[in-house]
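Beneath this line is the structure, given in structure tokens, with notes to follow.
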Amino acid sequence: MPAIEVSGLSMHYGDLRAVDDVSFTVAEGEFFGILGPNGAGKTTTLEIIEGLRRPTSGEVRLLGESPWPRNASLLPRIGVQLQASAFFERLTAREQLHTFASLYGVPGRAADEWLERVGLADKADTRAEQLSGGQAQRLSIACALVHDPELVFLDEPTAALDPQARRNLWDLLSSLNDSGRTVVLTTHYMDEAETLCDRVGIMDSGRILRLDTPSALVRGLDAPTRVVLAHRVDDVAEVADVPGVERVDEAPEGLVVTSSQPAALLAWLARHEALEGIQVRGATLEDVFLDLTGREYRA
Ligand SMILES: Nc1ncnc2c1ncn2[C@@H]1O[C@H](COP(=O)(O)OP(=O)(O)OP(=O)(O)O)[C@@H](O)[C@H]1O
């Protein structure tokens, strides 16, 4: 049984189709990402699956059950980190987490462990409203995970985090997934989706434009490889004549050679002793997004 089955899901606000006939399934144990710019419909889709909103039309099965009308039996089995986290007033980080733990009948020890795991042990006695944006975000993630749910939803979990905290959270989410938990996240970040997710749905204007593994999405693009030469090549015209080379551009970082046959280009560079300091760049999810929507990705 899939962890999530969504079919023909739509959510309309007046004329706006926030979610427009979306269908997908998430397998048990999968790390699934929904990637898209602001207003794409990611949060709305997630909130319908979580049972927080009633869709205009369509079907959702969450762990085999319907999340709407509010299904209390699902709540201990799922963890939901909301974008705008609502903490209890005037409680410290530790008290917040202990309160969530007790709501789920989880011992306080687990709450303290989670403070450690999200790097907030030294902020245990700080009131939630005095935490920085990134610290508050980590606390909200700990609150979503404290009862050890089998399926976790995270809405832009790394949005306010600095690079170090972001990497730490990636490690934490990977280890959760490695231990068999299903993880569903929304993100603006291409690198995050590429690094973490087994499969990614690229969403824009309420629709899932493409859904596949990150590598298949990039492969499907059949995009040329860019090779940046740090050192000058004496005869630029000769590089342009190498089989497969589509274009040669001068850029601040060096000469950028775009080729559909990188092997031939690399062999040519080797023959001309010009391999030192080169950078080889394949297509990324960013190129996939550009190809699908015809516009640059703007988070
Ligand atoms: N309650 C609502 N009433 C009217 N329009 C809404 C409502 N909630 C969301 N929308 C609209 O639906 C669209 C999708 O919003 P949603 O929050 O799902 O996007 P998102 O992909 O999560 O964006 P972000 O990355 O900014 O969080 C947006 O145009 C938004 O303005």
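Chain labels A, B, ... are given in the sequence in which chains occur in the structure tokens; within each chain residues are numbered consecutively from 1, and ligands are likewise numbered from 1 in the order shown.
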
Among segment 9-130 of chain A, which ones does DSSP assign to alpha helix (DSSP H) (computed from the backbone)? Answer as a PyMOL selection string. chain A and resi 42-49+93-103+108-117

Any chance you can output those residues with C-alpha atoms as a tab-separated table (two decimals), in the first residue's frame?
chain	number	residue	atom	x	y	z
A	42	LYS	CA	2.92	23.23	-2.79
A	43	THR	CA	1.59	24.21	0.64
A	44	THR	CA	-2.03	23.88	-0.42
A	45	THR	CA	-1.36	20.37	-1.78
A	46	LEU	CA	0.41	19.35	1.41
A	47	GLU	CA	-2.29	20.79	3.67
A	48	ILE	CA	-5.01	18.89	1.82
A	49	ILE	CA	-3.06	15.64	2.17
A	93	ALA	CA	11.97	25.60	23.97
A	94	ARG	CA	12.15	22.62	26.34
A	95	GLU	CA	8.62	23.24	27.66
A	96	GLN	CA	7.23	23.53	24.13
A	97	LEU	CA	8.73	20.21	23.18
A	98	HIS	CA	7.66	18.51	26.43
A	99	THR	CA	4.12	19.80	25.86
A	100	PHE	CA	4.02	18.31	22.36
A	101	ALA	CA	5.52	15.07	23.71
A	102	SER	CA	2.89	14.78	26.44
A	103	LEU	CA	0.08	15.41	23.92
A	108	GLY	CA	9.99	13.76	28.40
A	109	ARG	CA	13.31	12.01	27.76
A	110	ALA	CA	12.45	11.83	24.05
A	111	ALA	CA	11.74	15.58	24.05
A	112	ASP	CA	15.18	16.29	25.54
A	113	GLU	CA	16.82	14.03	22.96
A	114	TRP	CA	15.14	15.98	20.19
A	115	LEU	CA	16.42	19.27	21.59
A	116	GLU	CA	19.90	17.78	21.20
A	117	ARG	CA	19.23	16.39	17.74

Report as a ChimeraX atom specification all protein, DNA and RNA residues lying within 9 Å of Thr182 of chain A, evaluated on only C-alpha atoms, omitting residues in the same chain fewer than 6 positions from it. /A:3,26-32,150-153,176

Between A:Thr186, A:Leu145, A:Ala121, A:Thr25, which one has atoms that come closest to ligand 1, using only C-alpha atoms and all ligand atoms?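 So, comparing all the options, the nearest one is A:Thr186.
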
Nearby polymer residues, ligand 1, at most 9 Å, only C-alpha atoms and all ligand atoms, as a VMD selection string: chain A and resid 11 to 14 16 to 19 34 to 47 83 155 to 156 186 to 188 203 to 206 299

Select from segment 17-105 of chain A everything DSSP, run on the backbone, classes as strand (DSSP E or B), then give the selection as a list in words.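 The strand (DSSP E or B) residues within segment 17-105 of chain A come out as Arg17, Ala18, Val19, Asp20, Asp21, Val22, Ser23, Phe24, Thr25, Val26, Phe31, Phe32, Gly33, Ile34, Leu35, Ser57, Gly58, Glu59, Val60, Arg61, Leu62, Glu65, Ile78, Gly79, Val80, Gln81 and Thr92 of chain A.
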
Give me, as a list in words, all polymer residues having an atom no more than 8 Å from segment 235-250 of chain A, counting only C-alpha atoms and skipping those fewer than 4 positions away in the same chain.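 Contacts, with the query itself left out: Gly254, Leu255, Val256, Val257, Thr258, Ser259, Ser260, Gln261, Pro262, Ala264, Leu265 and Trp268 of chain A.
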
Excluding same-chain residues fewer than 3 positions from segment 275-282 of chain A, what lies within 9 Å of it counting only C-alpha atoms, as an mmCIF file with C-alpha atoms, in the first residue's frame?
data_model
loop_
_atom_site.group_PDB
_atom_site.id
_atom_site.type_symbol
_atom_site.label_atom_id
_atom_site.label_comp_id
_atom_site.auth_asym_id
_atom_site.auth_seq_id
_atom_site.Cartn_x
_atom_site.Cartn_y
_atom_site.Cartn_z
ATOM 1 C CA VAL A 218 18.014 15.758 -15.649
ATOM 2 C CA ALA A 223 21.069 18.893 -22.093
ATOM 3 C CA PRO A 224 24.607 19.583 -23.251
ATOM 4 C CA THR A 225 27.538 19.613 -20.854
ATOM 5 C CA ARG A 226 29.352 22.856 -20.090
ATOM 6 C CA VAL A 227 33.102 22.740 -19.666
ATOM 7 C CA VAL A 228 34.757 25.798 -18.190
ATOM 8 C CA LEU A 229 38.413 26.233 -19.124
ATOM 9 C CA ALA A 230 40.295 28.188 -16.513
ATOM 10 C CA HIS A 231 43.373 28.616 -18.729
ATOM 11 C CA PRO A 262 31.810 15.902 -23.741
ATOM 12 C CA LEU A 266 37.756 16.187 -23.138
ATOM 13 C CA LEU A 269 41.590 19.100 -24.376
ATOM 14 C CA ALA A 270 43.816 16.229 -23.202
ATOM 15 C CA ARG A 271 45.671 16.224 -26.525
ATOM 16 C CA HIS A 272 46.207 19.967 -26.178
#

Computed interatomic separation between atom CA of Ile4 of chain A and atom CA of His147 of chain A (Å):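 Computing the Euclidean distance for atom CA of Ile4 of chain A and atom CA of His147 of chain A yields 19.9 Å.
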
Report the distance between atom CA of Leu173 of chain A and atom CA of Glu192 of chain A in Å, rounded to one decimal place.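 Atom-to-atom, atom CA of Leu173 of chain A to atom CA of Glu192 of chain A, that is 11.2 Å.
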
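Across the structure, atom CA of Ala144 of chain A and atom CA of Thr56 of chain A are spaced 27.1 Å apart.
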
Quick one: residues within 9 Å of Gln137 of chain A, only C-alpha atoms counted, chain neighbours fewer than 3 positions away excluded, as a PyMOL selection string? chain A and resi 81+83-85+132-134+140-142+157-161
